[in-house]
>>> print(open('protein_24.txt').read())   # compact mmCIF, C-alpha atoms and all ligand atoms
# COMPACT_ATOMS: atom_id res chain seq x y z
CA MET A 26 -121.15 -132.31 -20.37
CA SER A 27 -117.82 -133.18 -21.91
CA GLU A 28 -116.87 -136.86 -21.92
CA ARG A 29 -113.34 -136.17 -20.83
CA VAL A 30 -111.23 -139.14 -19.70
CA ILE A 31 -107.85 -138.29 -18.26
CA PRO A 32 -105.72 -141.40 -18.31
CA LEU A 33 -104.25 -142.67 -15.05
CA VAL A 34 -101.56 -144.62 -16.84
CA ASP A 35 -98.67 -142.92 -18.61
CA GLN A 36 -98.53 -144.65 -21.98
CA ARG A 37 -94.98 -143.51 -22.55
CA ILE A 38 -93.84 -146.08 -20.00
CA ALA A 39 -95.46 -149.01 -21.76
CA ALA A 40 -92.98 -150.39 -24.27
CA LEU A 41 -92.44 -153.46 -26.32
CA SER A 42 -88.97 -154.94 -26.56
CA ALA A 43 -87.54 -154.69 -30.04
CA PRO A 44 -87.53 -158.14 -31.67
CA ARG A 45 -84.20 -159.85 -32.26
CA PRO A 46 -84.75 -162.18 -35.21
CA THR A 47 -82.63 -165.34 -35.04
CA VAL A 48 -82.06 -165.16 -38.79
CA PRO A 49 -80.83 -161.65 -39.70
CA ILE A 50 -83.02 -159.61 -42.07
CA PRO A 51 -80.61 -157.48 -44.10
CA PRO A 52 -81.88 -154.27 -45.68
CA ARG A 53 -82.91 -154.66 -49.33
CA GLY A 54 -84.28 -151.19 -49.91
CA HIS A 55 -87.85 -152.42 -49.47
CA VAL A 56 -89.79 -153.97 -46.64
CA ALA A 57 -93.54 -154.63 -46.57
CA ASP A 58 -95.93 -154.98 -43.63
CA ARG A 59 -98.63 -157.63 -43.24
CA LEU A 60 -100.99 -155.63 -45.45
CA GLY A 61 -98.33 -155.23 -48.14
CA ARG A 62 -97.61 -151.58 -47.33
CA PRO A 63 -94.04 -150.39 -47.90
CA LEU A 64 -92.08 -148.32 -45.38
CA ARG A 65 -91.38 -144.87 -46.84
CA ASP A 66 -91.93 -142.08 -44.35
CA LEU A 67 -90.14 -141.65 -41.00
CA ARG A 68 -91.42 -138.98 -38.61
CA ILE A 69 -88.96 -138.08 -35.91
CA SER A 70 -90.10 -136.35 -32.74
CA VAL A 71 -87.24 -134.31 -31.30
CA THR A 72 -88.94 -132.95 -28.18
CA ASP A 73 -92.14 -133.51 -26.20
CA ARG A 74 -92.27 -129.84 -25.12
CA CYS A 75 -94.14 -127.02 -26.76
CA ASN A 76 -94.73 -123.31 -26.24
CA PHE A 77 -98.38 -123.64 -27.38
CA ARG A 78 -101.27 -125.32 -25.63
CA CYS A 79 -103.57 -126.12 -28.57
CA SER A 80 -106.61 -127.64 -26.89
CA TYR A 81 -106.78 -130.51 -29.40
CA CYS A 82 -103.19 -131.53 -28.62
CA MET A 83 -101.81 -130.26 -25.28
CA PRO A 84 -104.76 -129.04 -23.20
CA LYS A 85 -103.62 -126.55 -20.60
CA ASP A 86 -105.13 -128.31 -17.62
CA VAL A 87 -103.15 -131.51 -18.33
CA PHE A 88 -99.91 -130.05 -19.69
CA THR A 89 -99.20 -127.81 -16.70
CA LYS A 90 -95.75 -126.72 -15.56
CA ASP A 91 -95.68 -129.84 -13.36
CA TYR A 92 -96.27 -132.21 -16.26
CA PRO A 93 -93.54 -134.91 -16.29
CA TYR A 94 -91.82 -134.10 -19.58
CA LEU A 95 -88.99 -136.39 -20.56
CA PRO A 96 -85.66 -135.65 -18.86
CA HIS A 97 -82.78 -134.70 -21.14
CA ALA A 98 -80.92 -137.99 -20.63
CA ALA A 99 -83.93 -139.90 -21.96
CA LEU A 100 -83.82 -138.15 -25.34
CA LEU A 101 -82.07 -139.74 -28.27
CA THR A 102 -78.94 -137.83 -29.20
CA PHE A 103 -78.58 -136.45 -32.71
CA GLU A 104 -76.06 -139.20 -33.48
CA GLU A 105 -78.51 -141.88 -32.32
CA ILE A 106 -81.31 -140.38 -34.40
CA THR A 107 -79.10 -140.19 -37.47
CA ARG A 108 -77.94 -143.77 -37.05
CA LEU A 109 -81.52 -145.00 -36.91
CA ALA A 110 -82.55 -142.82 -39.84
CA ARG A 111 -79.71 -144.28 -41.92
CA LEU A 112 -80.90 -147.81 -41.17
CA PHE A 113 -84.51 -146.88 -41.95
CA VAL A 114 -83.35 -145.46 -45.28
CA ALA A 115 -81.67 -148.77 -46.06
CA HIS A 116 -85.13 -150.36 -45.65
CA GLY A 117 -86.80 -147.95 -48.08
CA VAL A 118 -87.56 -144.74 -46.16
CA ARG A 119 -87.38 -141.75 -48.51
CA LYS A 120 -88.93 -138.99 -46.47
CA LEU A 121 -87.87 -137.65 -43.07
CA ARG A 122 -90.06 -135.24 -41.15
CA LEU A 123 -88.94 -133.61 -37.90
CA THR A 124 -91.74 -132.93 -35.47
CA GLY A 125 -92.58 -132.85 -31.77
CA GLY A 126 -93.81 -131.11 -29.51
CA GLU A 127 -92.38 -128.01 -31.10
CA PRO A 128 -89.23 -129.16 -32.94
CA LEU A 129 -87.67 -125.69 -33.08
CA LEU A 130 -87.43 -125.74 -29.27
CA ARG A 131 -84.81 -128.51 -29.45
CA LYS A 132 -81.40 -126.92 -28.95
CA ASN A 133 -79.02 -126.90 -31.91
CA LEU A 134 -81.57 -128.59 -34.17
CA GLU A 135 -79.55 -127.33 -37.16
CA ASP A 136 -76.84 -129.85 -36.21
CA LEU A 137 -79.31 -132.72 -36.55
CA ILE A 138 -80.57 -131.34 -39.84
CA GLU A 139 -77.03 -131.19 -41.15
CA GLN A 140 -76.46 -134.84 -40.26
CA LEU A 141 -79.76 -135.97 -41.78
CA ALA A 142 -79.24 -133.91 -44.93
CA ALA A 143 -76.00 -135.80 -45.54
CA LEU A 144 -77.81 -139.17 -45.74
CA ARG A 145 -78.29 -140.73 -49.15
CA THR A 146 -80.58 -143.40 -50.57
CA PRO A 147 -78.94 -146.61 -51.84
CA GLU A 148 -79.14 -144.95 -55.30
CA GLY A 149 -77.16 -141.97 -54.00
CA GLU A 150 -80.11 -139.54 -53.91
CA PRO A 151 -80.76 -137.08 -51.06
CA LEU A 152 -83.86 -137.65 -48.96
CA ASP A 153 -86.95 -135.52 -48.78
CA LEU A 154 -86.20 -133.66 -45.51
CA THR A 155 -88.86 -131.50 -43.92
CA LEU A 156 -90.17 -130.21 -40.62
CA THR A 157 -93.54 -129.39 -39.06
CA THR A 158 -93.61 -126.35 -36.79
CA ASN A 159 -96.03 -123.97 -35.12
CA GLY A 160 -93.99 -121.20 -36.73
CA THR A 161 -93.30 -119.18 -33.59
CA LEU A 162 -89.51 -119.39 -33.96
CA LEU A 163 -89.42 -119.57 -37.72
CA ARG A 164 -88.67 -115.95 -38.40
CA ARG A 165 -85.50 -116.21 -36.34
CA LYS A 166 -84.46 -119.68 -37.50
CA ALA A 167 -85.55 -120.09 -41.12
CA ARG A 168 -82.21 -119.09 -42.65
CA ALA A 169 -80.11 -121.31 -40.37
CA LEU A 170 -82.44 -124.25 -41.03
CA ARG A 171 -82.12 -123.79 -44.77
CA ASP A 172 -78.35 -123.41 -44.53
CA ALA A 173 -78.20 -126.67 -42.57
CA GLY A 174 -79.92 -128.49 -45.45
CA LEU A 175 -83.65 -128.40 -44.61
CA GLN A 176 -85.64 -128.36 -47.85
CA ARG A 177 -89.07 -127.19 -46.80
CA VAL A 178 -91.41 -126.64 -43.88
CA THR A 179 -95.02 -127.26 -42.96
CA VAL A 180 -96.47 -124.63 -40.65
CA SER A 181 -99.52 -125.23 -38.48
CA LEU A 182 -101.89 -122.27 -38.43
CA ASP A 183 -105.46 -122.58 -37.21
CA GLY A 184 -106.83 -119.14 -38.05
CA LEU A 185 -106.04 -115.71 -39.45
CA GLU A 186 -108.08 -113.60 -37.13
CA ASP A 187 -105.93 -112.77 -34.13
CA VAL A 188 -108.61 -113.46 -31.51
CA VAL A 189 -109.33 -116.90 -32.95
CA PHE A 190 -105.66 -117.77 -33.32
CA ARG A 191 -104.87 -116.76 -29.73
CA ARG A 192 -107.78 -118.91 -28.54
CA MET A 193 -106.56 -121.89 -30.56
CA ASN A 194 -102.97 -121.74 -29.24
CA ASP A 195 -104.25 -120.92 -25.72
CA VAL A 196 -101.10 -119.01 -24.77
CA ASP A 197 -102.21 -115.70 -26.31
CA PHE A 198 -99.64 -115.85 -29.09
CA PRO A 199 -100.35 -113.33 -31.88
CA VAL A 200 -100.95 -114.53 -35.41
CA GLY A 201 -98.74 -111.82 -36.95
CA ALA A 202 -95.56 -113.44 -35.63
CA VAL A 203 -96.40 -116.75 -37.31
CA LEU A 204 -97.26 -115.00 -40.58
CA ASP A 205 -93.86 -113.27 -40.38
CA GLY A 206 -92.23 -116.67 -39.86
CA ILE A 207 -93.99 -118.06 -42.93
CA ALA A 208 -92.89 -115.04 -44.99
CA GLU A 209 -89.28 -115.50 -43.87
CA ALA A 210 -89.36 -119.24 -44.68
CA GLN A 211 -90.67 -118.36 -48.13
CA ALA A 212 -88.04 -115.64 -48.61
CA VAL A 213 -85.14 -118.00 -47.83
CA GLY A 214 -86.55 -120.68 -50.14
CA LEU A 215 -87.84 -123.26 -47.64
CA GLY A 216 -90.54 -124.32 -50.04
CA PRO A 217 -92.96 -125.39 -51.29
CA ILE A 218 -94.48 -124.43 -47.94
CA LYS A 219 -97.58 -126.15 -46.64
CA VAL A 220 -99.87 -124.67 -44.02
CA ASN A 221 -101.95 -127.08 -41.92
CA MET A 222 -105.18 -125.94 -40.34
CA VAL A 223 -106.96 -128.25 -37.88
CA VAL A 224 -110.65 -127.43 -38.15
CA LYS A 225 -112.81 -127.66 -35.03
CA ARG A 226 -116.48 -127.12 -35.67
CA GLY A 227 -117.76 -124.13 -33.75
CA THR A 228 -114.25 -122.98 -32.73
CA ASN A 229 -112.35 -121.96 -35.86
CA ASP A 230 -114.46 -123.09 -38.82
CA ASP A 231 -115.27 -119.43 -39.56
CA GLN A 232 -111.59 -119.14 -40.57
CA ILE A 233 -111.83 -121.57 -43.51
CA ILE A 234 -112.69 -118.98 -46.14
CA PRO A 235 -110.39 -116.19 -44.86
CA MET A 236 -107.50 -118.68 -44.74
CA ALA A 237 -108.25 -119.88 -48.28
CA ARG A 238 -108.43 -116.29 -49.56
CA HIS A 239 -105.17 -115.38 -47.83
CA PHE A 240 -103.13 -118.27 -49.25
CA ARG A 241 -104.74 -118.49 -52.72
CA GLY A 242 -102.14 -117.47 -55.28
CA SER A 243 -99.36 -117.24 -52.65
CA GLY A 244 -97.46 -120.37 -53.66
CA ILE A 245 -98.37 -121.89 -50.28
CA VAL A 246 -100.58 -124.99 -50.10
CA LEU A 247 -103.24 -124.74 -47.41
CA ARG A 248 -104.45 -128.06 -46.02
CA PHE A 249 -107.52 -128.55 -43.87
CA ILE A 250 -107.21 -131.34 -41.32
CA GLU A 251 -110.10 -133.06 -39.59
CA TYR A 252 -109.85 -132.87 -35.82
CA MET A 253 -108.72 -136.35 -34.72
CA ASP A 254 -109.18 -138.45 -31.61
CA VAL A 255 -105.44 -138.81 -31.04
CA GLY A 256 -104.17 -139.11 -27.49
CA ALA A 257 -106.41 -139.41 -24.47
CA THR A 258 -106.52 -135.89 -23.07
CA ASN A 259 -108.20 -133.64 -25.62
CA GLY A 260 -111.80 -134.65 -24.85
CA TRP A 261 -112.45 -135.37 -28.54
CA ARG A 262 -116.06 -135.46 -29.65
CA MET A 263 -117.33 -136.41 -33.09
CA ASP A 264 -119.67 -133.43 -33.15
CA GLU A 265 -116.63 -131.11 -33.11
CA VAL A 266 -115.25 -132.71 -36.29
CA LEU A 267 -116.14 -130.79 -39.43
CA PRO A 268 -115.98 -133.42 -42.19
CA SER A 269 -113.75 -132.51 -45.14
CA ALA A 270 -116.78 -132.87 -47.41
CA ASP A 271 -118.37 -129.91 -45.57
CA VAL A 272 -115.13 -127.92 -45.78
CA LEU A 273 -115.05 -128.56 -49.52
CA ALA A 274 -118.69 -127.55 -49.94
CA ARG A 275 -118.02 -124.25 -48.16
CA LEU A 276 -114.94 -123.62 -50.34
CA GLN A 277 -116.85 -124.46 -53.51
CA ARG A 278 -119.43 -121.80 -52.70
CA GLU A 279 -116.60 -119.23 -52.91
CA PHE A 280 -114.09 -120.62 -55.40
CA ALA A 281 -114.04 -122.75 -58.54
CA LEU A 282 -112.06 -125.89 -57.66
CA VAL A 283 -111.06 -128.91 -59.73
CA PRO A 284 -109.82 -132.25 -58.38
CA LEU A 285 -106.11 -133.00 -58.84
CA GLU A 286 -104.29 -136.35 -58.91
CA PRO A 287 -102.39 -137.43 -55.75
CA SER A 288 -98.80 -136.19 -55.93
CA ALA A 289 -97.32 -139.39 -54.48
CA PRO A 290 -98.44 -142.86 -53.38
CA GLY A 291 -99.57 -142.74 -49.75
CA GLU A 292 -100.39 -139.02 -50.06
CA THR A 293 -102.69 -138.15 -47.16
CA ALA A 294 -104.36 -135.10 -48.69
CA GLN A 295 -107.02 -134.98 -51.39
CA ARG A 296 -105.85 -132.18 -53.66
CA TRP A 297 -108.09 -129.56 -55.25
CA GLY A 298 -106.77 -126.88 -57.59
CA TYR A 299 -108.16 -123.37 -58.03
CA ALA A 300 -109.57 -123.05 -61.53
CA GLY A 301 -108.90 -120.13 -63.86
CA PRO A 302 -111.52 -118.51 -66.15
CA ASP A 303 -111.25 -121.48 -68.58
CA GLY A 304 -112.39 -123.86 -65.82
CA ARG A 305 -109.05 -125.61 -65.71
CA HIS A 306 -106.55 -125.67 -62.85
CA ASP A 307 -104.52 -122.49 -62.79
CA PRO A 308 -101.16 -123.33 -61.17
CA GLN A 309 -100.64 -119.61 -60.41
CA LEU A 310 -103.65 -119.75 -58.10
CA GLY A 311 -102.38 -122.91 -56.47
CA GLU A 312 -104.25 -125.65 -54.64
CA ILE A 313 -105.67 -126.76 -51.31
CA GLY A 314 -105.58 -130.14 -49.56
CA LEU A 315 -108.16 -131.97 -47.47
CA ILE A 316 -106.96 -134.46 -44.90
CA SER A 317 -109.92 -136.59 -43.89
CA SER A 318 -108.35 -138.79 -41.23
CA VAL A 319 -111.70 -139.32 -39.49
CA THR A 320 -114.30 -139.50 -42.25
CA GLN A 321 -112.24 -141.18 -44.98
CA ALA A 322 -109.51 -143.34 -43.57
CA PHE A 323 -106.37 -143.70 -45.65
CA CYS A 324 -104.76 -146.57 -43.72
CA ARG A 325 -104.60 -148.71 -46.85
CA ASP A 326 -101.68 -146.66 -48.16
CA CYS A 327 -100.14 -145.70 -44.82
CA ASN A 328 -96.38 -145.97 -45.16
CA ARG A 329 -95.45 -143.96 -42.07
CA ILE A 330 -93.54 -144.93 -38.95
CA ARG A 331 -92.95 -142.65 -35.97
CA LEU A 332 -89.89 -142.38 -33.77
CA SER A 333 -90.48 -140.83 -30.36
CA THR A 334 -88.13 -138.42 -28.64
CA GLU A 335 -86.84 -141.20 -26.40
CA GLY A 336 -86.38 -143.77 -29.14
CA LYS A 337 -89.53 -145.84 -29.35
CA VAL A 338 -91.06 -146.58 -32.74
CA TYR A 339 -94.81 -146.52 -33.23
CA LEU A 340 -96.54 -148.19 -36.14
CA CYS A 341 -99.66 -146.05 -35.98
CA LEU A 342 -100.65 -142.64 -34.63
CA PHE A 343 -103.19 -144.46 -32.49
CA ALA A 344 -100.88 -147.15 -31.15
CA ASP A 345 -100.87 -147.68 -27.41
CA ARG A 346 -97.24 -148.75 -27.23
CA GLY A 347 -94.02 -148.54 -29.15
CA TYR A 348 -90.94 -150.68 -29.64
CA ASP A 349 -87.96 -149.61 -27.59
CA LEU A 350 -84.99 -148.97 -29.87
CA ARG A 351 -82.99 -146.94 -27.36
CA SER A 352 -82.12 -150.10 -25.41
CA LEU A 353 -80.69 -151.56 -28.60
CA LEU A 354 -78.74 -148.39 -29.38
CA ARG A 355 -77.35 -148.07 -25.87
CA GLY A 356 -76.90 -151.80 -25.36
CA GLY A 357 -74.22 -152.11 -28.03
CA ALA A 358 -76.36 -153.66 -30.80
CA SER A 359 -74.70 -153.73 -34.22
CA ASP A 360 -76.17 -152.04 -37.31
CA GLU A 361 -77.14 -155.53 -38.54
CA ASP A 362 -79.05 -156.26 -35.32
CA ILE A 363 -80.89 -152.96 -35.46
CA ALA A 364 -81.69 -153.29 -39.17
CA SER A 365 -83.09 -156.77 -38.50
CA ALA A 366 -85.20 -155.47 -35.63
CA LEU A 367 -86.60 -152.64 -37.80
CA ALA A 368 -87.52 -155.05 -40.57
CA ALA A 369 -89.18 -157.48 -38.14
CA ILE A 370 -91.17 -154.67 -36.52
CA TRP A 371 -92.47 -153.42 -39.87
CA GLN A 372 -93.17 -156.91 -41.19
CA GLY A 373 -95.38 -157.58 -38.18
CA ARG A 374 -97.51 -154.45 -38.70
CA SER A 375 -101.22 -154.67 -39.38
CA ASP A 376 -102.38 -151.36 -37.82
CA ARG A 377 -105.31 -149.54 -39.43
CA TYR A 378 -107.01 -147.71 -36.62
CA SER A 379 -108.83 -145.10 -38.72
CA GLU A 380 -110.48 -147.80 -40.78
CA LEU A 381 -111.62 -149.57 -37.63
CA ARG A 382 -112.63 -146.46 -35.66
CA ALA A 383 -116.24 -146.53 -36.77
CA LEU A 384 -116.56 -150.16 -35.71
CA LEU A 385 -115.29 -149.57 -32.16
CA PRO A 386 -117.90 -149.03 -29.48
CA ALA A 387 -117.65 -145.40 -28.23
CA GLU A 388 -116.86 -146.62 -24.69
CA GLU A 389 -113.93 -148.68 -25.89
CA ARG A 390 -112.63 -145.82 -28.01
CA ARG A 391 -112.75 -143.37 -25.12
CA ALA A 392 -111.10 -145.76 -22.69
CA ALA A 393 -108.21 -146.51 -25.04
CA ARG A 394 -104.88 -145.53 -23.53
CA ARG A 395 -103.17 -143.88 -26.42
CA ILE A 396 -100.00 -141.91 -26.62
CA GLU A 397 -100.27 -138.14 -27.06
CA MET A 398 -99.71 -136.31 -30.34
CA SER A 399 -97.23 -133.95 -28.63
CA TYR A 400 -95.13 -137.00 -27.68
CA ILE A 401 -95.17 -138.78 -31.00
CA GLY A 402 -95.51 -135.90 -33.46
CA GLY A 403 -98.01 -135.56 -36.30
N1 LIG A 501 -95.73 -128.32 -32.91
C1 LIG A 501 -95.65 -128.58 -34.29
C2 LIG A 501 -96.88 -128.09 -35.00
O1 LIG A 501 -97.88 -127.84 -34.36
O2 LIG A 501 -96.81 -127.98 -36.23
C3 LIG A 501 -95.38 -130.03 -34.64
C4 LIG A 501 -96.08 -131.09 -33.84
S1 LIG A 501 -97.84 -131.14 -33.98
C5 LIG A 501 -98.24 -132.47 -32.90
C6 LIG A 501 -98.04 -131.81 -35.62
C7 LIG A 501 -99.37 -131.60 -36.28
O3 LIG A 501 -100.36 -132.34 -35.58
C8 LIG A 501 -99.86 -130.16 -36.31
O4 LIG A 501 -100.15 -129.78 -37.64
C9 LIG A 501 -101.13 -130.22 -35.48
O5 LIG A 501 -102.07 -129.29 -35.93
C10 LIG A 501 -101.57 -131.65 -35.66
N2 LIG A 501 -102.47 -132.12 -34.60
C11 LIG A 501 -102.24 -132.17 -33.28
N3 LIG A 501 -103.31 -132.66 -32.62
C12 LIG A 501 -104.25 -132.94 -33.57
C13 LIG A 501 -105.57 -133.47 -33.54
N4 LIG A 501 -106.17 -133.82 -32.40
N5 LIG A 501 -106.21 -133.63 -34.71
C14 LIG A 501 -105.64 -133.29 -35.89
N6 LIG A 501 -104.39 -132.80 -35.97
C15 LIG A 501 -103.70 -132.60 -34.84
FE1 LIG A 502 -97.73 -127.63 -29.75
FE2 LIG A 502 -98.04 -128.45 -32.21
FE3 LIG A 502 -99.40 -129.64 -30.26
FE4 LIG A 502 -100.05 -127.17 -30.91
S1 LIG A 502 -100.20 -128.98 -32.22
S2 LIG A 502 -99.72 -127.93 -28.81
S3 LIG A 502 -98.09 -126.34 -31.51
S4 LIG A 502 -97.21 -129.68 -30.51
FE1 LIG A 503 -101.65 -144.88 -40.60
FE2 LIG A 503 -102.66 -145.55 -38.23
FE3 LIG A 503 -103.32 -143.22 -39.39
FE4 LIG A 503 -104.25 -145.52 -40.38
S1 LIG A 503 -104.72 -144.67 -38.38
S2 LIG A 503 -103.39 -143.81 -41.56
S3 LIG A 503 -102.48 -146.88 -40.01
S4 LIG A 503 -101.27 -143.83 -38.68
>>> encode(input="protein_24.txt", output="structure tokens", more="lines below")
Ligand code: SAM
Ligand code: SF4
Ligand code: SF4
Amino acid sequence: MSERVIPLVDQRIAALSAPRPTVPIPPRGHVADRLGRPLRDLRISVTDRCNFRCSYCMPKDVFTKDYPYLPHAALLTFEEITRLARLFVAHGVRKLRLTGGEPLLRKNLEDLIEQLAALRTPEGEPLDLTLTTNGTLLRRKARALRDAGLQRVTVSLDGLEDVVFRRMNDVDFPVGAVLDGIAEAQAVGLGPIKVNMVVKRGTNDDQIIPMARHFRGSGIVLRFIEYMDVGATNGWRMDEVLPSADVLARLQREFALVPLEPSAPGETAQRWGYAGPDGRHDPQLGEIGLISSVTQAFCRDCNRIRLSTEGKVYLCLFADRGYDLRSLLRGGASDEDIASALAAIWQGRSDRYSELRALLPAEERRAARRIEMSYIGG
């Protein structure tokens, strides 16, 4: 019997008012939270809709055609998003990731990319601008995205075998079309490309080795992600999580792998490089990543903040409510007011859900009313 709890309360409605510090907190290019973590990575959700129904994210029986998606007027405009992003950058954000739902479903997304690509750090440098997509529209859109200033993409792909892939996306979408999208993204130079595979034990774990073989030596970094208990609708069970250590053991039976250093502070993936005949990492063969959100929490270095489609910021993927910035934007707040609010929000942060997960009684964890991944983005 599945321990499925479908929440009666819509967590999107719950919101915290953005703080309005009495003494302004001007941006200084760096702001730290209560655990000393800097703010570096802003993930922007541009839509809560998607053309897939991955069971771990938007299960079909909950996300029906009658599901109350956000109305258009509730969404932040591109100008509002860009204004917030600029203020986040002034506080130290260096990486912007567009996500969703499926971000390529948002109309004229290229216009937003153009605006974000024009932002500069206080030192005059461009930002690291990327996007996570299910790849279904990539073949058609890759060139326009690149022309608008997108640097690279991450594509989610949960299997190579068509039957498995269709089962994972639950809308019978063929894998070939996503592979074509990845090829097009690579051809137009949207790289280095990363491919994310969520591994569910017993559902797609037989795809680990075929996926590794397919992307080895392709210039694309394949990353295996542990199935997480995000949201409250996917019926998550620990026995469906395949720990990264097991993924690694399976890979090591097939390939020679050597550990690599993290590429940046706060990097979520443990990197392993394919070794050449001399036993050393062969860059031509490339690398894989393991994202162990469940079995090896990386909250200690978490420098990410998430902006929802309707302008709430969330301090953790597992937060139950966000701070409403849209009221500030639409209520005539000045840049100084908004920058102060952002700093105060980050300074008050102590979230570290993944580190605490194991300590929470199962009942409490299941009953938690968390926002959905499709609403907040990955
Ligand atoms: N639709 C886009 C996509 O799938 O790439 C962007 C949004 S999706 C919510 C972002 C990422 O979250 C995807 O890589 C997806 O596989 C991952 N994700 C969603 N639900 C997850 C879960 N329960 N556990 C682990 N990863 C999950
Ligand atoms: Fe859609 Fe991405 Fe969620 Fe799959 S993981 S349902 S593609 S938003
Ligand atoms: Fe960051 Fe929250 Fe994930 Fe920990 S659980 S890594 S704090 S988003």
>>> atom_distance(input="protein_24.txt", atom1="atom CA of Thr124 of chain A", atom2="atom FE2 of ligand LIG 502 (chain A)")
8.4 Å
>>> atom_distance(input="protein_24.txt", atom1="atom CA of Met253 of chain A", atom2="atom CA of Tyr81 of chain A")
8.1 Å
>>> residues_around(input="protein_24.txt", residues="Trp371 of chain A", least_positions_apart="4", cutoff="12 Å", atoms="only C-alpha atoms", output="ChimeraX atom specification")
/A:43-44,50,55-65,113,116-118,327-331,338-341,347-348,364-367,375-376
>>> atom_distance(input="protein_24.txt", atom1="atom CA of Arg119 of chain A", atom2="atom S3 of ligand LIG 503 (chain A)")
18.1 Å
>>> closest_residue(input="protein_24.txt", among="A:Gly227, A:Gly126, A:Pro287, A:Gly356", to="ligand LIG 501 (chain A)", atoms="all atoms listed in the file")
A:Gly126
>>> residues_around(input="protein_24.txt", residues="segment 157-170 of chain A", least_positions_apart="4", cutoff="7 Å", atoms="only C-alpha atoms", output="VMD selection string")
chain A and resid 123 to 124 127 to 129 135 174 to 175 178 to 182 202 to 203 205 to 207 209 to 210 213
>>> residues_near_point(input="protein_24.txt", point="(-114.0, -121.7, -41.7)", cutoff="10 Å", atoms="all atoms listed in the file", output="PDB file with C-alpha atoms, keeping the file's coordinate frame")
ATOM      1  CA  ASP A 183    -105.460-122.580 -37.210  1.00  0.00           C
ATOM      2  CA  GLY A 184    -106.830-119.140 -38.050  1.00  0.00           C
ATOM      3  CA  MET A 222    -105.180-125.940 -40.340  1.00  0.00           C
ATOM      4  CA  VAL A 224    -110.650-127.430 -38.150  1.00  0.00           C
ATOM      5  CA  LYS A 225    -112.810-127.660 -35.030  1.00  0.00           C
ATOM      6  CA  ARG A 226    -116.480-127.120 -35.670  1.00  0.00           C
ATOM      7  CA  GLY A 227    -117.760-124.130 -33.750  1.00  0.00           C
ATOM      8  CA  THR A 228    -114.250-122.980 -32.730  1.00  0.00           C
ATOM      9  CA  ASN A 229    -112.350-121.960 -35.860  1.00  0.00           C
ATOM     10  CA  ASP A 230    -114.460-123.090 -38.820  1.00  0.00           C
ATOM     11  CA  ASP A 231    -115.270-119.430 -39.560  1.00  0.00           C
ATOM     12  CA  GLN A 232    -111.590-119.140 -40.570  1.00  0.00           C
ATOM     13  CA  ILE A 233    -111.830-121.570 -43.510  1.00  0.00           C
ATOM     14  CA  ILE A 234    -112.690-118.980 -46.140  1.00  0.00           C
ATOM     15  CA  PRO A 235    -110.390-116.190 -44.860  1.00  0.00           C
ATOM     16  CA  MET A 236    -107.500-118.680 -44.740  1.00  0.00           C
ATOM     17  CA  ALA A 237    -108.250-119.880 -48.280  1.00  0.00           C
ATOM     18  CA  PHE A 249    -107.520-128.550 -43.870  1.00  0.00           C
ATOM     19  CA  LEU A 267    -116.140-130.790 -39.430  1.00  0.00           C
ATOM     20  CA  VAL A 272    -115.130-127.920 -45.780  1.00  0.00           C
ATOM     21  CA  ARG A 275    -118.020-124.250 -48.160  1.00  0.00           C
ATOM     22  CA  LEU A 276    -114.940-123.620 -50.340  1.00  0.00           C
TER      23      LEU A 276
END
>>> residues_near_point(input="protein_24.txt", point="(-115.6, -125.7, -52.5)", cutoff="12 Å", atoms="only C-alpha atoms", output="list in words")
Ile233, Ile234, Ala237, Ser269, Ala270, Asp271, Val272, Leu273, Ala274, Arg275, Leu276, Gln277, Arg278, Glu279, Phe280, Ala281, Leu282, Val283, Pro284, Arg296, Trp297, Gly298, Tyr299, Ala300, Glu312, Ile313, Gly314 and Leu315 of chain A
>>> closest_residue(input="protein_24.txt", among="A:Glu139, A:Glu335, A:Asp326, A:Asp172", to="ligand LIG 503 (chain A)", atoms="all atoms listed in the file")
A:Asp326
>>> residues_near_ligand(input="protein_24.txt", ligand="ligand LIG 503 (chain A)", cutoff="6 Å", atoms="all atoms listed in the file", output="PyMOL selection string")
chain A and resi 323-324+327+341-343+376-379
>>> residues_near_ligand(input="protein_24.txt", ligand="ligand LIG 502 (chain A)", cutoff="6 Å", atoms="all atoms listed in the file", output="list in words")
Cys75, Phe77, Arg78, Cys79, Cys82, Met83, Gly125, Gly126, Glu127, Asn159 and Ser399 of chain A
>>> closest_residue(input="protein_24.txt", among="A:Asp254, A:Asp264, A:Asp73, A:Asp197", to="ligand LIG 501 (chain A)", atoms="all atoms listed in the file")
A:Asp254
>>> closest_residue(input="protein_24.txt", among="A:Ala257, A:Val200, A:Ala173, A:Thr155", to="Gly216 of chain A", atoms="all atoms listed in the file")
A:Thr155
>>> closest_residue(input="protein_24.txt", among="A:Leu285, A:Ala369, A:Ala98, A:Val220", to="Leu156 of chain A", atoms="only C-alpha atoms")
A:Val220
>>> residues_around(input="protein_24.txt", residues="Ile245 of chain A", least_positions_apart="2", cutoff="9 Å", atoms="all atoms listed in the file", output="MDAnalysis selection string")
chainID A and resid 211 216:220 240:243 247 311:313
>>> write_last_selection(input="protein_24.txt", atoms="C-alpha atoms", output="CSV table (one decimal), in the coordinates of the input")
chain,number,residue,atom,x,y,z
A,211,GLN,CA,-90.7,-118.4,-48.1
A,216,GLY,CA,-90.5,-124.3,-50.0
A,217,PRO,CA,-93.0,-125.4,-51.3
A,218,ILE,CA,-94.5,-124.4,-47.9
A,219,LYS,CA,-97.6,-126.2,-46.6
A,220,VAL,CA,-99.9,-124.7,-44.0
A,240,PHE,CA,-103.1,-118.3,-49.2
A,241,ARG,CA,-104.7,-118.5,-52.7
A,242,GLY,CA,-102.1,-117.5,-55.3
A,243,SER,CA,-99.4,-117.2,-52.6
A,247,LEU,CA,-103.2,-124.7,-47.4
A,311,GLY,CA,-102.4,-122.9,-56.5
A,312,GLU,CA,-104.2,-125.6,-54.6
A,313,ILE,CA,-105.7,-126.8,-51.3
